[in-house]
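**Student:** Before anything else, here's the structure in question.
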Protein chains: 2
Amino acid sequence: MDQLQIFSPATVANVSCGYDAMAFALESLGDEMTFRKNDSGQIRIVKIEGADLPYEPNKNVAAAVAQRMLQDAAADFGVDIEIVKKYKPGSGLGSSAASGAGAAFAINQLLNNRYTKLEQLKYAMFGEEVACGSQIADNVAAALYGGFVLIRSYEPLDIVSIPTPADLYVTVIHPQIEIKTEDARNILPKEIPMRTAVFQWANVGGLISGLHTADYELIGRSLTDHVVEPYRKKLIPHFDALKSAAMDHGALGAGISGSGPSVFALVKGEETADKIAAAFDKVYKNSEIEYRIYTSGIAKTGVTLRNK
Amino acid sequence: MDQLQIFSPATVANVSCGYDAMAFALESLGDEMTFRKNDSGQIRIVKIEGADLPYEPNKNVAAAVAQRMLQDAAADFGVDIEIVKKYKPGSGLGSSAASGAGAAFAINQLLNNRYTKLEQLKYAMFGEEVACGSQIADNVAAALYGGFVLIRSYEPLDIVSIPTPADLYVTVIHPQIEIKTEDARNILPKEIPMRTAVFQWANVGGLISGLHTADYELIGRSLTDHVVEPYRKKLIPHFDALKSAAMDHGALGAGISGSGPSVFALVKGEETADKIAAAFDKVYKNSEIEYRIYTSGIAKTGVTLRNK
């Protein structure tokens, strides 16, 4: 294989109760990327559409991941990369993860499937380090594995795929304000009350169990977050109104996507997802803030090959 | 129905990572109890074997639960109760929960199934309040529902039954020392580092997922406890030796049962359970402490009717 085009999904990390441990991938929102072998031996970013991202191979996440993989494999070829971003970076929807996971998947293909999925994941996590300074696994794992993932452990890295009920959909609103991941982290307490921690792991247990049994009500009851949301929601204009709108229109639950500013609602059925999109729109349409709203199924697989 | 004999199982709460949120019931260890209608209108404890428990109806857990249920139902009969304890109170194996859940189940039968399971649970939780001062749900829920349970929430009370892999067994050692639940609680910190909390809920997610998919390895990897065990293990002589013995002999994982002093190991297969029983015995046989060792399957159901 000398060339391939892929789709790398947007991802929602944390999923209310599962801070730093859970994420899921979207079916119909994500980046298109093309990877083409070249004889120069170099990684070249030849096109970036839809976002203002660096072209330098050591600063561009996809290029950095590709470069390291090719170096480690002592490959005798370079790669030209085209990136078409379908949603904006800084959204809390794993934009850098889509780039990193996409590159890890594609370069592995060009290297004739040399690496295991876990190895690809580690390269994608290196991409997260390039993007934000630390090797966070949640978004890249969801982008690579698809569906829902649990990061059970970092040392050793242990990713658990959790089944996705067939009728689960998501509505996301991305208010286009900037929240730095660093600020979103610094706002959180370093310690939490034991009692609150118990609530949280009981809900993680409920969410995981609900996903396994397609118990939508249980999923909904478990989508509560006593740990992170009370702090981070202050960074997101109209968060409470968005959440109320989601719940009033039949969402199973709603919360902050990753470190924000995007807000997601999980729902049963596409029709409900559309209703909540309209409700989100009503909350934001008279604000000064630009925003985008997306509805999507949950991705059954992670990064996928596209037919040219 | 005027009379019934039941088996009410011993239970292991917390299950390493699931402090205050998870528990499971044992198949072959538990109490035998007999309930017989009488015309006096009174609750009478007519026999207690195997433990030194109070006979006064307001102090005896089974009697207190029975009394409240009959009162609430304005029943026109009383009940004679016989209790045969097969394991000692203060074990960390839910002795009071077996009494309370057994009474809730049996009195509900004598009242022609008047109460839902959740209502029975609430009566059994009242029994826990009589025993230890607070309405803890974990042991009583496991005793009533059987298998593994998750206490997703107390307000409202939300119990989730988690499937049990067919080949899962448990070995328990009960060192017969006294640990007061209150002391075991006071030794714990009131706050925990966020990082530790994340580890814990990631493991709860792994344990729940492993139980759903009968992934014994995942169950084992998830049976880690960074929150409670480091503190409470100090109260249990030879804890580290017991845990090492379990792991050396093929346990999936091991930890403290409830607030101790019992230590449990979860294993795949009855043969391994027996090996670990022997290994536990080796650790304790030269100590000054009396102990009992049990092996058991996981109870498929909770409290059950016995044929007379």
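Following the order of the structure tokens, first chain is A, next is B, and so on, with residues numbered from 1 inside each chain and ligands from 1 in the order they appear.
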I want to know what sits within 12 Å of Asn113 (chain B), based on only C-alpha atoms, with residues of the same chain fewer than 6 positions away left out; could you give that as a list in words?
**Tutor:**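 What passes the distance filter is Met1, Met69, Ala73, Ala104, Phe105, Ala106, Ile107, Glu119 and Gln120 of chain B.
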**Student:** Neighbours of region 32-40 of chain B within 8 Å (only C-alpha atoms; same-chain residues fewer than 6 positions away dropped), as a PyMOL selection string?
**Tutor:** chain B and resi 2-8+76-86+102+106-107+110
**Student:** Please report, as a Markdown table, each residue of region 26-93 of chain A lying at most 12 Å from region 13-16 of chain A, together with the nearest pair of atoms and the separation in Å rounded to one decimal; use only C-alpha atoms, and order rows by chain and ascending residue number.
**Tutor:**
```
| residue | atom | partner | partner_atom | distance |
| --- | --- | --- | --- | --- |
| A:Leu26 | CA | A:Ala13 | CA | 11.1 |
| A:Ser91 | CA | A:Ala13 | CA | 11.6 |
| A:Gly92 | CA | A:Ala13 | CA | 8.1 |
| A:Leu93 | CA | A:Ala13 | CA | 7.6 |
```
**Student:** Determine which residues of region 44-260 of chain A receive a DSSP assignment of strand (DSSP E or B), computed from the backbone, and state them as a PyMOL selection string.
**Tutor:** chain A and resi 44-49+78-84+148-154+157-162+168-175+191-193+253-256
**Student:** Got a sec to pull out which chain A residues are within 10 Å of chain B, counting only C-alpha atoms, and send them as JSON, numbers by chain?
**Tutor:** {"A": [17, 18, 19, 20, 21, 22, 150, 151, 152, 153, 154, 158, 159, 160, 161, 162, 163, 188, 189, 190, 191, 192, 193, 194, 195, 196, 197, 198, 199, 200, 201, 202, 203, 204, 205, 206, 207, 208, 209, 210, 211, 212, 213, 218, 221, 222, 227]}
**Student:** For the residues in the current selection, export N, CA and C atoms as a compact mmCIF listing (two decimals), in the first residue's frame.
**Tutor:**
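Done, and the output landed in out_25.txt:
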```
# COMPACT_ATOMS: atom_id res chain seq x y z
N CYS A 17 -18.89 10.86 34.64
CA CYS A 17 -18.31 10.24 35.84
C CYS A 17 -16.89 9.71 35.63
N GLY A 18 -16.49 9.47 34.38
CA GLY A 18 -15.24 8.74 34.13
C GLY A 18 -14.02 9.61 33.88
N TYR A 19 -13.87 10.67 34.68
CA TYR A 19 -12.76 11.60 34.49
C TYR A 19 -11.41 10.87 34.36
N ASP A 20 -10.72 11.19 33.29
CA ASP A 20 -9.38 10.65 33.01
C ASP A 20 -9.36 9.14 32.80
N ALA A 21 -10.53 8.52 32.64
CA ALA A 21 -10.56 7.06 32.51
C ALA A 21 -11.47 6.55 31.41
N MET A 22 -12.35 7.40 30.87
CA MET A 22 -13.27 6.92 29.85
C MET A 22 -13.36 7.90 28.68
N LEU A 150 -12.28 2.25 28.18
CA LEU A 150 -11.88 2.51 29.56
C LEU A 150 -10.36 2.42 29.62
N ILE A 151 -9.72 3.47 30.15
CA ILE A 151 -8.28 3.42 30.38
C ILE A 151 -8.12 2.84 31.79
N ARG A 152 -8.03 1.51 31.89
CA ARG A 152 -7.99 0.92 33.23
C ARG A 152 -6.69 1.25 33.94
N SER A 153 -5.62 1.33 33.19
CA SER A 153 -4.32 1.60 33.80
C SER A 153 -3.36 2.20 32.78
N TYR A 154 -2.48 3.06 33.27
CA TYR A 154 -1.41 3.62 32.42
C TYR A 154 -0.13 2.79 32.52
N ASP A 158 -3.44 -0.27 29.79
CA ASP A 158 -4.47 -1.31 29.71
C ASP A 158 -5.79 -0.67 29.26
N ILE A 159 -6.14 -0.93 28.02
CA ILE A 159 -7.34 -0.32 27.43
C ILE A 159 -8.43 -1.38 27.33
N VAL A 160 -9.60 -1.07 27.83
CA VAL A 160 -10.72 -2.01 27.78
C VAL A 160 -11.80 -1.42 26.88
N SER A 161 -12.15 -2.16 25.82
CA SER A 161 -13.25 -1.72 24.97
C SER A 161 -14.57 -2.11 25.61
N ILE A 162 -15.47 -1.15 25.68
CA ILE A 162 -16.79 -1.38 26.30
C ILE A 162 -17.83 -1.35 25.18
N PRO A 163 -18.75 -2.31 25.16
CA PRO A 163 -19.71 -2.33 24.05
C PRO A 163 -20.62 -1.10 24.04
N LEU A 188 -9.12 22.28 39.03
CA LEU A 188 -9.60 21.12 39.79
C LEU A 188 -8.84 20.98 41.11
N PRO A 189 -9.51 20.50 42.15
CA PRO A 189 -8.82 20.27 43.41
C PRO A 189 -7.85 19.09 43.28
N LYS A 190 -6.81 19.10 44.07
CA LYS A 190 -5.83 18.01 44.04
C LYS A 190 -6.32 16.81 44.86
N GLU A 191 -7.19 17.11 45.82
CA GLU A 191 -7.77 16.05 46.65
C GLU A 191 -9.28 16.16 46.61
N ILE A 192 -9.95 15.04 46.77
CA ILE A 192 -11.42 15.09 46.80
C ILE A 192 -11.91 14.29 48.01
N PRO A 193 -13.07 14.65 48.53
CA PRO A 193 -13.60 13.91 49.68
C PRO A 193 -13.82 12.44 49.31
N MET A 194 -13.51 11.55 50.24
CA MET A 194 -13.73 10.12 50.03
C MET A 194 -15.17 9.84 49.59
N ARG A 195 -16.09 10.52 50.24
CA ARG A 195 -17.50 10.33 49.95
C ARG A 195 -17.83 10.63 48.49
N THR A 196 -17.25 11.70 47.99
CA THR A 196 -17.45 12.10 46.60
C THR A 196 -16.82 11.08 45.66
N ALA A 197 -15.65 10.59 46.05
CA ALA A 197 -14.95 9.60 45.24
C ALA A 197 -15.79 8.33 45.13
N VAL A 198 -16.40 7.92 46.25
CA VAL A 198 -17.26 6.72 46.24
C VAL A 198 -18.44 6.93 45.28
N PHE A 199 -19.09 8.10 45.36
CA PHE A 199 -20.18 8.40 44.41
C PHE A 199 -19.69 8.18 42.98
N GLN A 200 -18.48 8.71 42.73
CA GLN A 200 -18.00 8.72 41.35
C GLN A 200 -17.73 7.30 40.86
N TRP A 201 -17.06 6.45 41.68
CA TRP A 201 -16.78 5.11 41.16
C TRP A 201 -18.03 4.24 41.12
N ALA A 202 -18.99 4.55 41.98
CA ALA A 202 -20.27 3.84 41.86
C ALA A 202 -20.93 4.16 40.52
N ASN A 203 -20.83 5.42 40.10
CA ASN A 203 -21.41 5.81 38.82
C ASN A 203 -20.62 5.25 37.64
N VAL A 204 -19.31 5.21 37.74
CA VAL A 204 -18.51 4.56 36.68
C VAL A 204 -18.95 3.11 36.54
N GLY A 205 -19.12 2.43 37.68
CA GLY A 205 -19.61 1.05 37.64
C GLY A 205 -20.97 0.96 36.96
N GLY A 206 -21.85 1.89 37.28
CA GLY A 206 -23.18 1.89 36.67
C GLY A 206 -23.13 2.16 35.18
N LEU A 207 -22.29 3.10 34.78
CA LEU A 207 -22.18 3.43 33.35
C LEU A 207 -21.64 2.24 32.56
N ILE A 208 -20.59 1.62 33.08
CA ILE A 208 -19.99 0.47 32.39
C ILE A 208 -21.01 -0.67 32.30
N SER A 209 -21.73 -0.90 33.39
CA SER A 209 -22.71 -1.97 33.40
C SER A 209 -23.85 -1.66 32.42
N GLY A 210 -24.30 -0.42 32.42
CA GLY A 210 -25.37 0.00 31.52
C GLY A 210 -24.98 -0.14 30.06
N LEU A 211 -23.73 0.17 29.74
CA LEU A 211 -23.24 0.00 28.36
C LEU A 211 -23.22 -1.48 27.99
N HIS A 212 -22.81 -2.34 28.92
CA HIS A 212 -22.76 -3.78 28.63
C HIS A 212 -24.14 -4.37 28.39
N THR A 213 -25.14 -3.86 29.09
CA THR A 213 -26.47 -4.47 29.01
C THR A 213 -27.45 -3.64 28.19
N LEU A 218 -30.08 3.12 33.04
CA LEU A 218 -28.93 3.03 33.95
C LEU A 218 -27.78 3.91 33.46
N ARG A 221 -28.76 7.37 34.52
CA ARG A 221 -28.62 7.62 35.96
C ARG A 221 -27.16 7.75 36.38
N SER A 222 -26.30 7.06 35.63
CA SER A 222 -24.88 7.04 36.00
C SER A 222 -24.11 8.25 35.48
N VAL A 227 -17.22 15.41 40.66
CA VAL A 227 -15.80 15.68 40.86
C VAL A 227 -15.30 16.84 40.01
```
**Student:** What does the distance between CA of Lys88 (chain A) and CA of Leu252 (chain A) come to in Å, to one decimal place?
**Tutor:**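 Pair CA of Lys88 (chain A) / CA of Leu252 (chain A) returns 26.2 Å.
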**Student:** What lies within 12 Å of Tyr294 (chain A) using only C-alpha atoms, ignoring chain neighbours under 2 positions off, as a PDB file with N, CA and C atoms, in the first residue's frame?
**Tutor:**
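Output below, filename out_31.pdb:
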```
ATOM      1  N   ALA A  10     -13.719  12.342  15.900  1.00  0.00           N
ATOM      2  CA  ALA A  10     -13.746  13.184  17.101  1.00  0.00           C
ATOM      3  C   ALA A  10     -14.112  12.304  18.288  1.00  0.00           C
ATOM      4  N   LEU A  26     -16.978   9.467  17.981  1.00  0.00           N
ATOM      5  CA  LEU A  26     -18.156   9.837  17.198  1.00  0.00           C
ATOM      6  C   LEU A  26     -18.088   9.185  15.818  1.00  0.00           C
ATOM      7  N   GLU A  27     -19.276   8.856  15.321  1.00  0.00           N
ATOM      8  CA  GLU A  27     -19.338   8.170  14.029  1.00  0.00           C
ATOM      9  C   GLU A  27     -19.228   9.150  12.867  1.00  0.00           C
ATOM     10  N   SER A  28     -19.850  10.310  13.010  1.00  0.00           N
ATOM     11  CA  SER A  28     -19.964  11.160  11.820  1.00  0.00           C
ATOM     12  C   SER A  28     -19.282  12.516  11.965  1.00  0.00           C
ATOM     13  N   LEU A  29     -18.417  12.652  12.960  1.00  0.00           N
ATOM     14  CA  LEU A  29     -17.599  13.863  13.039  1.00  0.00           C
ATOM     15  C   LEU A  29     -16.154  13.431  13.228  1.00  0.00           C
ATOM     16  N   GLY A  30     -15.279  13.983  12.393  1.00  0.00           N
ATOM     17  CA  GLY A  30     -13.871  13.636  12.508  1.00  0.00           C
ATOM     18  C   GLY A  30     -13.109  14.193  11.318  1.00  0.00           C
ATOM     19  N   LYS A  86     -12.367  18.743  10.140  1.00  0.00           N
ATOM     20  CA  LYS A  86     -13.811  18.989   9.990  1.00  0.00           C
ATOM     21  C   LYS A  86     -14.390  19.687  11.217  1.00  0.00           C
ATOM     22  N   TYR A  87     -13.564  19.812  12.256  1.00  0.00           N
ATOM     23  CA  TYR A  87     -14.009  20.581  13.422  1.00  0.00           C
ATOM     24  C   TYR A  87     -12.779  21.249  14.010  1.00  0.00           C
ATOM     25  N   LEU A  93     -12.928  18.113  21.864  1.00  0.00           N
ATOM     26  CA  LEU A  93     -13.398  16.928  21.132  1.00  0.00           C
ATOM     27  C   LEU A  93     -12.226  16.123  20.558  1.00  0.00           C
ATOM     28  N   TYR A 169     -26.907   7.723  20.756  1.00  0.00           N
ATOM     29  CA  TYR A 169     -26.473   8.851  19.930  1.00  0.00           C
ATOM     30  C   TYR A 169     -25.955   9.957  20.837  1.00  0.00           C
ATOM     31  N   VAL A 170     -25.282  10.908  20.186  1.00  0.00           N
ATOM     32  CA  VAL A 170     -24.744  12.018  20.965  1.00  0.00           C
ATOM     33  C   VAL A 170     -25.018  13.337  20.243  1.00  0.00           C
ATOM     34  N   THR A 171     -25.323  14.336  21.031  1.00  0.00           N
ATOM     35  CA  THR A 171     -25.406  15.705  20.515  1.00  0.00           C
ATOM     36  C   THR A 171     -24.308  16.504  21.204  1.00  0.00           C
ATOM     37  N   VAL A 172     -23.579  17.274  20.403  1.00  0.00           N
ATOM     38  CA  VAL A 172     -22.476  18.064  20.956  1.00  0.00           C
ATOM     39  C   VAL A 172     -22.619  19.510  20.516  1.00  0.00           C
ATOM     40  N   ILE A 173     -22.420  20.407  21.437  1.00  0.00           N
ATOM     41  CA  ILE A 173     -22.289  21.818  21.055  1.00  0.00           C
ATOM     42  C   ILE A 173     -20.882  22.278  21.377  1.00  0.00           C
ATOM     43  N   HIS A 174     -20.264  22.944  20.401  1.00  0.00           N
ATOM     44  CA  HIS A 174     -18.925  23.498  20.610  1.00  0.00           C
ATOM     45  C   HIS A 174     -19.007  25.019  20.602  1.00  0.00           C
ATOM     46  N   PRO A 175     -19.081  25.610  21.794  1.00  0.00           N
ATOM     47  CA  PRO A 175     -19.013  27.073  21.863  1.00  0.00           C
ATOM     48  C   PRO A 175     -17.572  27.473  21.551  1.00  0.00           C
ATOM     49  N   SER A 262     -16.660  22.152  24.725  1.00  0.00           N
ATOM     50  CA  SER A 262     -17.818  21.446  24.183  1.00  0.00           C
ATOM     51  C   SER A 262     -18.611  20.760  25.289  1.00  0.00           C
ATOM     52  N   VAL A 263     -19.908  20.680  25.072  1.00  0.00           N
ATOM     53  CA  VAL A 263     -20.831  20.006  25.986  1.00  0.00           C
ATOM     54  C   VAL A 263     -21.536  18.920  25.194  1.00  0.00           C
ATOM     55  N   PHE A 264     -21.623  17.727  25.782  1.00  0.00           N
ATOM     56  CA  PHE A 264     -22.267  16.614  25.066  1.00  0.00           C
ATOM     57  C   PHE A 264     -23.516  16.166  25.813  1.00  0.00           C
ATOM     58  N   ALA A 265     -24.428  15.588  25.054  1.00  0.00           N
ATOM     59  CA  ALA A 265     -25.577  14.898  25.662  1.00  0.00           C
ATOM     60  C   ALA A 265     -25.662  13.521  25.024  1.00  0.00           C
ATOM     61  N   GLU A 270     -31.867   8.717  17.311  1.00  0.00           N
ATOM     62  CA  GLU A 270     -31.396   9.849  16.522  1.00  0.00           C
ATOM     63  C   GLU A 270     -32.354  11.040  16.635  1.00  0.00           C
ATOM     64  N   ALA A 273     -31.631  13.050  19.557  1.00  0.00           N
ATOM     65  CA  ALA A 273     -30.393  13.806  19.338  1.00  0.00           C
ATOM     66  C   ALA A 273     -30.687  15.097  18.577  1.00  0.00           C
ATOM     67  N   ASP A 274     -31.567  15.009  17.582  1.00  0.00           N
ATOM     68  CA  ASP A 274     -31.917  16.204  16.798  1.00  0.00           C
ATOM     69  C   ASP A 274     -32.693  17.221  17.643  1.00  0.00           C
ATOM     70  N   LYS A 275     -33.577  16.717  18.475  1.00  0.00           N
ATOM     71  CA  LYS A 275     -34.336  17.627  19.356  1.00  0.00           C
ATOM     72  C   LYS A 275     -33.404  18.398  20.271  1.00  0.00           C
ATOM     73  N   ILE A 276     -32.402  17.682  20.777  1.00  0.00           N
ATOM     74  CA  ILE A 276     -31.476  18.341  21.703  1.00  0.00           C
ATOM     75  C   ILE A 276     -30.578  19.319  20.961  1.00  0.00           C
ATOM     76  N   ALA A 277     -30.254  18.990  19.718  1.00  0.00           N
ATOM     77  CA  ALA A 277     -29.498  19.946  18.902  1.00  0.00           C
ATOM     78  C   ALA A 277     -30.292  21.249  18.787  1.00  0.00           C
ATOM     79  N   ALA A 278     -31.585  21.145  18.551  1.00  0.00           N
ATOM     80  CA  ALA A 278     -32.428  22.342  18.441  1.00  0.00           C
ATOM     81  C   ALA A 278     -32.486  23.084  19.775  1.00  0.00           C
ATOM     82  N   PHE A 280     -30.165  23.016  22.150  1.00  0.00           N
ATOM     83  CA  PHE A 280     -28.852  23.658  22.335  1.00  0.00           C
ATOM     84  C   PHE A 280     -28.794  24.971  21.538  1.00  0.00           C
ATOM     85  N   ASP A 281     -29.302  24.890  20.317  1.00  0.00           N
ATOM     86  CA  ASP A 281     -29.275  26.067  19.445  1.00  0.00           C
ATOM     87  C   ASP A 281     -30.044  27.224  20.081  1.00  0.00           C
ATOM     88  N   TYR A 291     -20.712  29.204  17.630  1.00  0.00           N
ATOM     89  CA  TYR A 291     -20.826  27.813  18.090  1.00  0.00           C
ATOM     90  C   TYR A 291     -21.163  26.906  16.916  1.00  0.00           C
ATOM     91  N   ARG A 292     -20.889  25.642  17.093  1.00  0.00           N
ATOM     92  CA  ARG A 292     -21.300  24.608  16.135  1.00  0.00           C
ATOM     93  C   ARG A 292     -22.005  23.508  16.921  1.00  0.00           C
ATOM     94  N   SER A 296     -24.489  12.781  16.215  1.00  0.00           N
ATOM     95  CA  SER A 296     -23.743  11.636  15.666  1.00  0.00           C
ATOM     96  C   SER A 296     -24.130  10.358  16.385  1.00  0.00           C
ATOM     97  N   GLY A 297     -23.989   9.247  15.671  1.00  0.00           N
ATOM     98  CA  GLY A 297     -23.976   7.965  16.356  1.00  0.00           C
ATOM     99  C   GLY A 297     -22.636   7.782  17.043  1.00  0.00           C
TER     100      GLY A 297
END
```
**Student:** Identify, on the basis of only C-alpha atoms, every residue whose closest approach to region 130-144 of chain B does not exceed 6 Å; exclude the query and any residue fewer than 2 positions from it along the same chain; express the result as JSON, numbers by chain.
**Tutor:** {"B": [9, 11, 13, 23, 24, 25, 94, 97, 101, 125, 126, 127, 128, 146, 149, 302, 303]}
**Student:** Next, the residues of the selection above should be written as a CSV table (one decimal), in the first residue's frame with C-alpha atoms.
**Tutor:**
```
chain,number,residue,atom,x,y,z
B,9,PRO,CA,-25.3,-16.0,52.5
B,11,THR,CA,-21.0,-11.6,51.8
B,13,ALA,CA,-18.1,-6.1,50.6
B,23,ALA,CA,-20.2,-6.7,47.2
B,24,PHE,CA,-20.8,-10.3,46.4
B,25,ALA,CA,-22.5,-13.3,48.1
B,94,GLY,CA,-21.6,-9.5,56.7
B,97,ALA,CA,-26.4,-8.5,56.9
B,101,ALA,CA,-31.5,-9.9,54.8
B,125,MET,CA,-30.6,-1.9,55.8
B,126,PHE,CA,-32.6,-0.9,58.9
B,127,GLY,CA,-31.1,-4.1,60.4
B,128,GLU,CA,-27.6,-2.8,59.6
B,146,GLY,CA,-27.0,-12.7,45.2
B,149,VAL,CA,-24.0,-6.1,43.3
B,302,GLY,CA,-29.5,-14.3,47.3
B,303,VAL,CA,-31.3,-15.6,50.4
```
**Student:** I'd like to know which of A:Thr301, A:Ser259, A:Asn307, A:Ser96 is closest to Phe148 (chain A), using only C-alpha atoms.
**Tutor:**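 Using only C-alpha atoms, Phe148 (chain A) sits closest to A:Thr301.
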**Student:** Excluding Ala245 (chain A) and residues on its chain fewer than 2 positions from it, collect all residues at most 8 Å away from it, counting only C-alpha atoms, and give them as number ranges by chain.
**Tutor:** A: 241-243, 247-249, 276, 279-280, 283
**Student:** I need the chosen residues saved as a PDB file, in the first residue's frame, with C-alpha atoms.
**Tutor:**
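Saved file result22.pdb follows:
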```pdb
ATOM      1  CA  ALA A 241     -28.867  26.065  30.615  1.00  0.00           C
ATOM      2  CA  LEU A 242     -27.437  23.592  28.079  1.00  0.00           C
ATOM      3  CA  LYS A 243     -27.649  20.747  30.550  1.00  0.00           C
ATOM      4  CA  MET A 247     -32.454  16.851  30.166  1.00  0.00           C
ATOM      5  CA  ASP A 248     -35.750  18.614  29.386  1.00  0.00           C
ATOM      6  CA  HIS A 249     -35.650  17.186  25.871  1.00  0.00           C
ATOM      7  CA  ILE A 276     -31.476  18.341  21.703  1.00  0.00           C
ATOM      8  CA  ALA A 279     -32.605  22.929  22.202  1.00  0.00           C
ATOM      9  CA  PHE A 280     -28.852  23.658  22.335  1.00  0.00           C
ATOM     10  CA  VAL A 283     -29.712  28.387  24.315  1.00  0.00           C
TER      11      VAL A 283
END
```
**Student:** Name the residues of region 41-279 of chain A that fall into alpha helix (DSSP H) according to DSSP on the backbone, using the chain letters and numbers of this document, as an MDAnalysis selection string.
**Tutor:** chainID A and resid 61:72 95:110 117:132 138:145 181:186 194:213 216:222 229:232 239:248 270:279
